[in-house]
Structure formats: structure tokens, C-alpha cells
file run_32.cif (mmCIF, C-alpha atoms)
data_input
#
loop_
_atom_site.label_atom_id
_atom_site.label_comp_id
_atom_site.auth_asym_id
_atom_site.auth_seq_id
_atom_site.Cartn_x
_atom_site.Cartn_y
_atom_site.Cartn_z
CA MET A 234 0.00 0.00 0.00
CA THR A 235 2.87 2.37 0.75
CA ALA A 236 4.41 1.74 -2.65
CA LEU A 237 1.08 2.42 -4.37
CA ALA A 238 0.63 5.66 -2.43
CA LEU A 239 4.16 6.81 -3.27
CA GLY A 240 3.63 6.03 -6.93
CA ALA A 241 0.42 8.06 -6.93
CA LEU A 242 2.16 10.99 -5.20
CA ALA A 243 4.98 10.93 -7.72
CA ARG A 244 2.51 10.93 -10.60
CA ALA A 245 0.62 13.82 -8.99
CA GLY A 246 3.77 15.95 -8.88
CA ALA A 247 4.81 15.69 -5.22
CA ASP A 248 8.30 16.79 -4.19
CA PRO A 249 10.54 14.19 -5.89
CA GLU A 250 13.19 14.31 -3.16
CA ARG A 251 10.67 13.57 -0.39
CA VAL A 252 9.00 10.86 -2.45
CA ALA A 253 12.37 9.26 -3.25
CA ALA A 254 13.38 9.30 0.43
CA GLU A 255 10.14 7.59 1.47
CA ALA A 256 10.47 5.12 -1.39
CA SER A 257 13.91 4.18 -0.11
CA ARG A 258 12.45 3.47 3.35
CA CYS A 259 9.65 1.44 1.81
CA ALA A 260 12.04 -0.65 -0.28
CA ALA A 261 14.43 -1.21 2.65
CA ALA A 262 11.57 -2.74 4.65
CA PHE A 263 10.48 -4.99 1.79
CA THR A 264 12.86 -7.93 1.89
CA ALA A 265 12.50 -11.67 2.24
CA GLU A 266 13.76 -11.41 5.83
CA LEU A 267 11.58 -8.52 7.01
CA GLU A 268 8.44 -9.19 4.96
CA PRO A 269 8.48 -12.89 3.96
CA SER A 270 4.71 -13.11 3.47
CA GLY A 271 4.55 -10.31 0.92
CA PHE A 272 7.91 -11.04 -0.66
CA GLY A 273 6.67 -14.49 -1.55
CA ARG A 274 3.59 -13.32 -3.47
CA THR A 275 3.64 -12.29 -7.11
CA HIS A 276 0.85 -9.74 -6.62
CA VAL A 277 2.67 -7.97 -3.78
CA VAL A 278 6.09 -7.91 -5.48
CA THR A 279 4.68 -6.59 -8.76
CA THR A 280 2.62 -3.96 -6.91
CA VAL A 281 5.64 -2.69 -4.98
CA LEU A 282 7.74 -2.75 -8.14
CA ARG A 283 5.20 -0.68 -10.09
CA GLY A 284 4.96 1.83 -7.25
CA LEU A 285 8.72 2.23 -6.96
CA LEU A 286 9.08 2.61 -10.72
CA ARG A 287 6.97 5.75 -10.45
CA ALA A 288 8.34 7.02 -7.13
CA ALA A 289 12.06 6.28 -7.52
CA PRO A 290 12.71 4.62 -10.90
CA HIS A 291 16.50 4.72 -10.61
CA ALA A 292 16.73 3.34 -7.07
CA PRO A 293 18.82 0.15 -6.75
CA ASP A 294 15.87 -1.66 -5.17
CA VAL A 295 13.94 -1.46 -8.43
CA ALA A 296 16.46 -3.74 -10.13
CA ARG A 297 16.48 -6.01 -7.07
CA LEU A 298 12.73 -6.55 -7.20
CA ARG A 299 12.76 -6.95 -10.98
CA ASP A 300 15.43 -9.65 -10.71
CA GLU A 301 13.47 -11.41 -7.96
CA LEU A 302 10.45 -11.54 -10.23
CA VAL A 303 12.47 -12.90 -13.15
CA ASP A 304 14.24 -15.51 -11.02
CA ARG A 305 10.93 -16.93 -9.74
CA THR A 306 9.28 -17.85 -13.01
CA ILE A 307 7.78 -21.29 -13.54
CA THR A 308 7.39 -23.27 -16.77
CA ASP A 309 4.15 -24.65 -18.14
CA PRO A 310 4.42 -27.89 -20.18
CA ALA A 311 0.84 -27.38 -21.37
CA ARG A 312 1.81 -24.18 -23.17
CA GLU A 313 5.02 -24.83 -25.07
CA HIS A 314 7.04 -24.90 -21.81
CA ARG A 315 6.80 -21.12 -21.69
CA ARG A 316 7.85 -19.27 -18.56
CA CYS A 317 5.03 -17.68 -16.60
CA TRP A 318 4.06 -16.87 -13.01
CA GLY A 319 1.79 -18.27 -10.35
CA ALA A 320 0.38 -16.65 -7.23
CA VAL A 321 3.35 -17.74 -5.10
CA LEU A 322 6.94 -16.76 -5.80
CA ARG A 323 8.56 -18.53 -2.88
CA GLY A 324 7.35 -21.66 -1.16
CA PRO A 325 5.24 -24.59 -2.37
CA ALA A 326 4.83 -25.28 -6.07
CA THR A 327 2.30 -22.98 -7.65
CA ARG A 328 0.07 -23.30 -10.71
CA PRO A 329 0.42 -21.00 -13.72
CA SER A 330 -1.90 -18.05 -13.32
CA PRO A 331 -3.15 -15.74 -16.09
CA VAL A 332 -3.72 -12.76 -13.82
CA HIS A 333 -0.35 -13.06 -12.07
CA THR A 334 1.45 -13.54 -15.37
CA ALA A 335 -0.30 -10.44 -16.71
CA GLN A 336 0.73 -8.47 -13.61
CA ALA A 337 4.33 -9.58 -14.03
CA VAL A 338 4.33 -8.65 -17.73
CA VAL A 339 3.04 -5.15 -16.91
CA ALA A 340 5.65 -4.61 -14.19
CA LEU A 341 8.54 -5.95 -16.29
CA ASP A 342 7.50 -3.90 -19.31
CA ARG A 343 7.57 -0.74 -17.21
CA ALA A 344 10.95 -1.70 -15.77
CA ALA A 345 12.30 -2.26 -19.29
CA ARG A 346 11.67 1.40 -20.09
CA VAL A 347 13.92 2.47 -17.20
CA LEU A 348 16.51 -0.26 -16.74
CA ASP A 349 18.74 -2.15 -19.13
CA GLU A 350 17.58 -5.67 -19.89
CA ASP A 351 19.89 -8.60 -20.36
CA ALA A 352 18.89 -11.54 -22.54
CA ASN A 353 17.42 -13.55 -19.65
CA ILE A 354 15.24 -10.71 -18.36
CA ARG A 355 13.94 -9.92 -21.82
CA ALA A 356 13.25 -13.59 -22.50
CA ALA A 357 11.27 -13.95 -19.26
CA ARG A 358 9.11 -10.92 -20.08
CA GLU A 359 8.53 -12.05 -23.65
CA ASP A 360 7.81 -15.63 -22.56
CA GLY A 361 5.13 -14.28 -20.24
CA VAL A 362 3.49 -12.61 -23.22
CA ARG A 363 3.78 -15.78 -25.31
CA TRP A 364 2.25 -17.79 -22.49
CA LEU A 365 -0.76 -15.44 -22.42
CA LEU A 366 -1.11 -15.71 -26.20
CA SER A 367 -0.92 -19.52 -26.04
CA CYS A 368 -4.36 -19.92 -24.48
CA PRO A 369 -5.65 -23.19 -25.99
CA GLN A 370 -9.29 -22.12 -26.17
CA PRO A 371 -10.33 -20.94 -29.65
CA LEU A 372 -13.09 -18.72 -28.25
CA HIS A 373 -12.29 -16.46 -25.32
CA GLU A 374 -15.77 -15.17 -24.44
CA ALA A 375 -16.01 -17.71 -21.59
CA CYS A 376 -12.28 -18.27 -21.28
CA VAL A 377 -10.94 -19.31 -17.89
CA ASP A 378 -7.95 -17.05 -18.56
CA LEU A 379 -10.32 -14.08 -18.15
CA THR A 380 -12.11 -15.33 -15.04
CA ASN A 381 -11.86 -13.16 -11.93
CA THR A 382 -10.07 -14.71 -9.00
CA GLN A 383 -8.94 -13.90 -5.49
CA GLU A 384 -6.21 -14.84 -3.06
CA GLU A 385 -5.31 -14.48 0.60
CA VAL A 386 -2.14 -12.80 1.77
CA ARG A 387 -1.35 -13.83 5.35
CA ARG A 388 1.29 -12.22 7.51
CA PRO A 389 2.14 -12.30 11.23
CA HIS A 390 0.46 -9.62 13.30
CA PRO A 391 2.98 -6.83 13.99
CA VAL A 392 2.19 -6.87 17.75
CA ASP A 393 0.79 -10.31 18.57
CA SER A 394 3.00 -12.86 16.84
CA TRP A 395 0.53 -15.66 17.53
CA ARG A 396 -2.08 -13.91 15.39
CA GLN A 397 -2.19 -13.37 11.63
CA GLU A 398 -3.37 -10.52 9.47
CA VAL A 399 -5.30 -11.70 6.45
CA LEU A 400 -5.66 -9.58 3.33
CA PHE A 401 -8.22 -10.75 0.80
CA VAL A 402 -7.16 -9.61 -2.67
CA ARG A 403 -9.56 -9.70 -5.59
CA HIS A 404 -8.16 -9.73 -9.12
CA PHE A 405 -10.03 -8.18 -12.07
CA THR A 406 -8.40 -10.61 -14.49
CA ALA A 407 -9.73 -9.23 -17.78
CA ALA A 408 -8.55 -5.72 -16.92
CA TRP A 409 -5.06 -7.00 -16.16
CA MET A 410 -5.08 -8.95 -19.41
CA VAL A 411 -5.92 -5.79 -21.35
CA ARG A 412 -3.11 -3.89 -19.65
CA ALA A 413 -0.59 -6.67 -20.33
CA LEU A 414 -1.52 -7.08 -23.99
CA LEU A 415 -1.38 -3.33 -24.59
CA THR A 416 2.20 -3.01 -23.37
CA PRO A 417 4.60 -2.07 -26.19
CA GLY A 418 6.57 -5.23 -25.58
CA ALA A 419 3.53 -7.48 -26.00
CA TRP A 420 2.71 -6.05 -29.41
CA ARG A 421 6.30 -6.49 -30.57
CA VAL A 422 6.26 -10.13 -29.49
CA ALA A 423 2.99 -10.72 -31.34
CA VAL A 424 4.36 -9.15 -34.52
CA ASP A 425 7.73 -10.91 -34.36
CA ASP A 426 6.05 -14.29 -33.78
CA GLY A 427 3.34 -13.78 -36.38
CA ARG A 428 0.64 -13.97 -33.70
CA GLU A 429 -1.15 -10.72 -34.44
CA GLU A 430 -4.46 -12.52 -34.93
CA GLN A 431 -4.19 -14.32 -31.59
CA TRP A 432 -3.23 -11.04 -29.96
CA ARG A 433 -6.23 -9.19 -31.45
CA ALA A 434 -8.68 -11.99 -30.60
CA LEU A 435 -7.56 -12.25 -26.99
CA LEU A 436 -7.49 -8.48 -26.56
CA ALA A 437 -10.99 -8.09 -28.03
CA SER A 438 -12.35 -10.77 -25.71
CA ALA A 439 -10.60 -9.23 -22.69
CA VAL A 440 -12.04 -5.80 -23.50
CA GLY A 441 -15.47 -7.36 -23.98
CA SER A 442 -15.18 -9.08 -20.62
CA VAL A 443 -14.22 -5.81 -18.93
CA TRP A 444 -17.18 -4.03 -20.53
CA SER A 445 -19.68 -6.76 -19.61
CA GLN A 446 -18.95 -6.47 -15.90
CA GLN A 447 -20.28 -2.93 -15.54
CA ASP A 448 -23.73 -1.46 -15.28
CA ASP A 449 -24.21 2.24 -16.04
CA GLY A 450 -20.48 2.83 -15.66
CA ILE A 451 -20.15 1.07 -12.30
CA TRP A 452 -18.35 -2.26 -12.16
CA ASN A 453 -19.70 -5.18 -10.13
CA TRP A 454 -17.74 -7.99 -8.57
CA ASP A 455 -19.31 -11.16 -9.98
CA GLY A 456 -22.55 -9.30 -10.63
CA HIS A 457 -23.38 -8.97 -6.95
CA ASP A 458 -25.58 -5.97 -6.18
CA LEU A 459 -23.54 -5.08 -3.09
CA GLY A 460 -20.17 -5.83 -4.65
CA ARG A 461 -19.28 -2.52 -6.27
CA PRO A 462 -15.69 -1.86 -5.21
CA LEU A 463 -14.30 1.51 -6.30
CA TRP A 464 -10.98 -0.06 -7.33
CA MET A 465 -12.79 -2.28 -9.83
CA THR A 466 -14.45 0.68 -11.52
CA TYR A 467 -11.07 2.42 -11.63
CA GLN A 468 -9.42 -0.62 -13.23
CA GLY A 469 -12.30 -1.10 -15.66
CA LEU A 470 -12.19 2.52 -16.81
CA SER A 471 -8.38 2.46 -17.06
CA ALA A 472 -8.46 -0.67 -19.22
CA LEU A 473 -11.14 0.73 -21.55
CA ARG A 474 -9.32 4.05 -21.80
CA ALA A 475 -6.05 2.33 -22.70
CA HIS A 476 -7.81 0.33 -25.38
CA ALA A 477 -9.57 3.42 -26.77
CA VAL A 478 -6.26 5.28 -27.00
CA TRP A 479 -4.66 2.34 -28.79
CA MET A 480 -7.61 2.08 -31.22
CA TYR A 481 -7.62 5.80 -32.08
CA GLN A 482 -5.79 6.32 -35.36
CA PRO A 483 -6.03 9.86 -36.72
CA GLY A 484 -6.71 9.97 -40.43
CA ALA A 485 -7.60 6.29 -40.67
#
call {"tool": "encode", "arguments": {"input": "run_32.cif", "output": "C-alpha cells"}}
result
Amino acid sequence: MTALALGALARAGADPERVAAEASRCAAAFTAELEPSGFGRTHVVTTVLRGLLRAAPHAPDVARLRDELVDRTITDPAREHRRCWGAVLRGPATRPSPVHTAQAVVALDRAARVLDEDANIRAAREDGVRWLLSCPQPLHEACVDLTNTQEEVRRPHPVDSWRQEVLFVRHFTAAWMVRALLTPGAWRVAVDDGREEQWRALLASAVGSVWSQQDDGIWNWDGHDLGRPLWMTYQGLSALRAHAVWMYQPGA
């Protein structure tokens, strides 16, 4: 949460020196030793990485988190043995996850615009894109790769060590898929591999899935009348806006 707040402050034009100083404190506290619960989750690591990329893009900790993400990929025999990501980075074996792979692709694409990439880092990012494009279902309207999901992040209570704090995280999968496919790196991979049609079909279905989950401009979690989280409307609007900007071609 601190990393997200710092990223928002940086984007809003806050004093860069103050933001960078707080970002340094945030990053120093986010290690496998001090924060093992969060450091072992793909969602948390990618969130912190995206926040730091806005708040302090040239800080050494940005490269550290990027390398951690790259080093914790898994391979999926069902999809051409491509590298991808699951919910868990450290710990028990984890299953490939579309939403976590999309989150990793977004974070690594942003990092690539700031940091130099070696061959392994670039290959991991591009493999993540190829894994997303390798969905075996010919029709994506009811694709499991676009199904919303959730996870629990558990960490020891900061005061009572015998208790746990539990954070329930919901993932708007289709919105993350749109964001991942619209990264510049994803389009280059699709073109280089001759997968433009797969890219367009998956993107169109992801956008359609994002659109279908709103009613009068307000997004609903699984269609529940009381489940109208503000973050979901924000992500839905952001995904549709990104797609509209990509589709707009003056003079076409």
C-alpha cells in the first residue's frame, strides 16, 4: 500500500526528493527477511515494483525486485514450456496463473523502459506474453484465462505474533489482461512471432469481458448488487481508456 501511495504521489507531482526518500524506506523494509509473506507473493512484489518505478525509478531496489520476479518464473508444459508466473513466488509449487502472469508482464515492461535488460530478463518478459497468447481455447468469451479470482495474503500480526493478518485480494483478471496485452513489448512479441491474430482476438475478448462487468459505468464484482468496489471501476475505466487510446488512429 505504501508503494502504491508513493507512486500516486509521484505521478501527482509531489516533491521528488521527499518521495524518493520515502520510497527508499519502503524498499528497505520490503525484503524476504523482514516481509516474507509479501515477498513471496507475485501480486505484492509486482505492486511494490510498479509503485517504486513511479516514485524512484532509478533506485537500486527497483532492479532487485525486478530480478526477484524474473528468477521466480515457472514453466508450463501445457503451453510450449513457456515461462510464466503463479500466485506464489517462494514456497510450495504454484500453478500458472493468467492474472499473475499479466501483472508480471506489466511490471517488467515498465521496468524495461527504465533499466537495461539482459537476454534472460527480456526472455522472461517475452515468454510471459507468449504464455498469455498460447491460451488453448479458440473462443475467449467464456475463457478461464479471463475469469476473476482472489487470493489471501497472510502475515504475522505486527504486535501479537501468535495472530495473523489476512488480506483478501480480488483480481479483475480481464482488466489486467488488457493492460498486459497493450504493453509495447507485448505487441512487438505478437508481430515478431506472427501472432497478431491471436493477440487481437484475446485483446478483443478481454475488453469485452471488462465491458460486460459494468452497469451504467459502475463495475460489479461477480454481478453482486452489493459488490461494487471503487478499485474495480477504476481498473475497468483504465483498461477501456487504454484500449480506446490504442484504437484511435487519426486519419484512418
call {"tool": "residues_around", "arguments": {"input": "run_32.cif", "residues": "stretch 346-350 of chain A", "least_positions_apart": "4", "cutoff": "9 Å", "atoms": "only C-alpha atoms", "output": "ChimeraX atom specification"}}
result
/A:286,290-291,295-296,341-342,354-355
call {"tool": "residues_around", "arguments": {"input": "run_32.cif", "residues": "A:Gln383", "least_positions_apart": "5", "cutoff": "9 Å", "atoms": "all atoms listed in the file", "output": "list in words"}}
result
Phe401, Val402, Arg403, His404 and Phe405 of chain A
call {"tool": "closest_residue", "arguments": {"input": "run_32.cif", "among": "A:Glu384, A:Ala413, A:Ala261, A:Thr275", "to": "A:Val399", "atoms": "only C-alpha atoms"}}
result
A:Glu384
call {"tool": "resolve_selection", "arguments": {"input": "run_32.cif", "expression": "the PyMOL selection byres ((chain A and resi 366-370) around 10)", "output": "NGL selection string"}}
result
:A and (311-313 or 315 or 331 or 360-365 or 371-378 or 414 or 419 or 422-423 or 428-436)
call {"tool": "closest_residue", "arguments": {"input": "run_32.cif", "among": "A:Asp309, A:Glu301, A:Pro325, A:Ala243", "to": "A:Ala289", "atoms": "all atoms listed in the file"}}
result
A:Ala243
call {"tool": "resolve_selection", "arguments": {"input": "run_32.cif", "expression": "the PyMOL selection byres ((chain A and resi 302) around 9)", "output": "compact mmCIF listing (two decimals) with C-alpha atoms, in the coordinates of the input"}}
result
# COMPACT_ATOMS: atom_id res chain seq x y z
CA THR A 275 3.64 -12.29 -7.11
CA VAL A 278 6.09 -7.91 -5.48
CA THR A 279 4.68 -6.59 -8.76
CA ARG A 297 16.48 -6.01 -7.07
CA LEU A 298 12.73 -6.55 -7.20
CA ARG A 299 12.76 -6.95 -10.98
CA ASP A 300 15.43 -9.65 -10.71
CA GLU A 301 13.47 -11.41 -7.96
CA VAL A 303 12.47 -12.90 -13.15
CA ASP A 304 14.24 -15.51 -11.02
CA ARG A 305 10.93 -16.93 -9.74
CA THR A 306 9.28 -17.85 -13.01
CA TRP A 318 4.06 -16.87 -13.01
CA LEU A 322 6.94 -16.76 -5.80
CA ALA A 337 4.33 -9.58 -14.03
CA LEU A 341 8.54 -5.95 -16.29
call {"tool": "closest_residue", "arguments": {"input": "run_32.cif", "among": "A:Arg258, A:His333, A:Arg244, A:Arg421", "to": "A:Ala407", "atoms": "all atoms listed in the file"}}
result
A:His333
call {"tool": "atom_distance", "arguments": {"input": "run_32.cif", "atom1": "atom CA of A:Gly418", "atom2": "atom CA of A:Thr382"}}
result
25.3 Å
call {"tool": "atom_distance", "arguments": {"input": "run_32.cif", "atom1": "atom CA of A:Met480", "atom2": "atom CA of A:Leu415"}}
result
10.6 Å
call {"tool": "closest_residue", "arguments": {"input": "run_32.cif", "among": "A:Ala241, A:Leu400, A:Val411, A:Ala352", "to": "A:Ala256", "atoms": "all atoms listed in the file"}}
result
A:Ala241
call {"tool": "atom_distance", "arguments": {"input": "run_32.cif", "atom1": "atom CA of A:Cys317", "atom2": "atom CA of A:Gly273"}}
result
15.5 Å
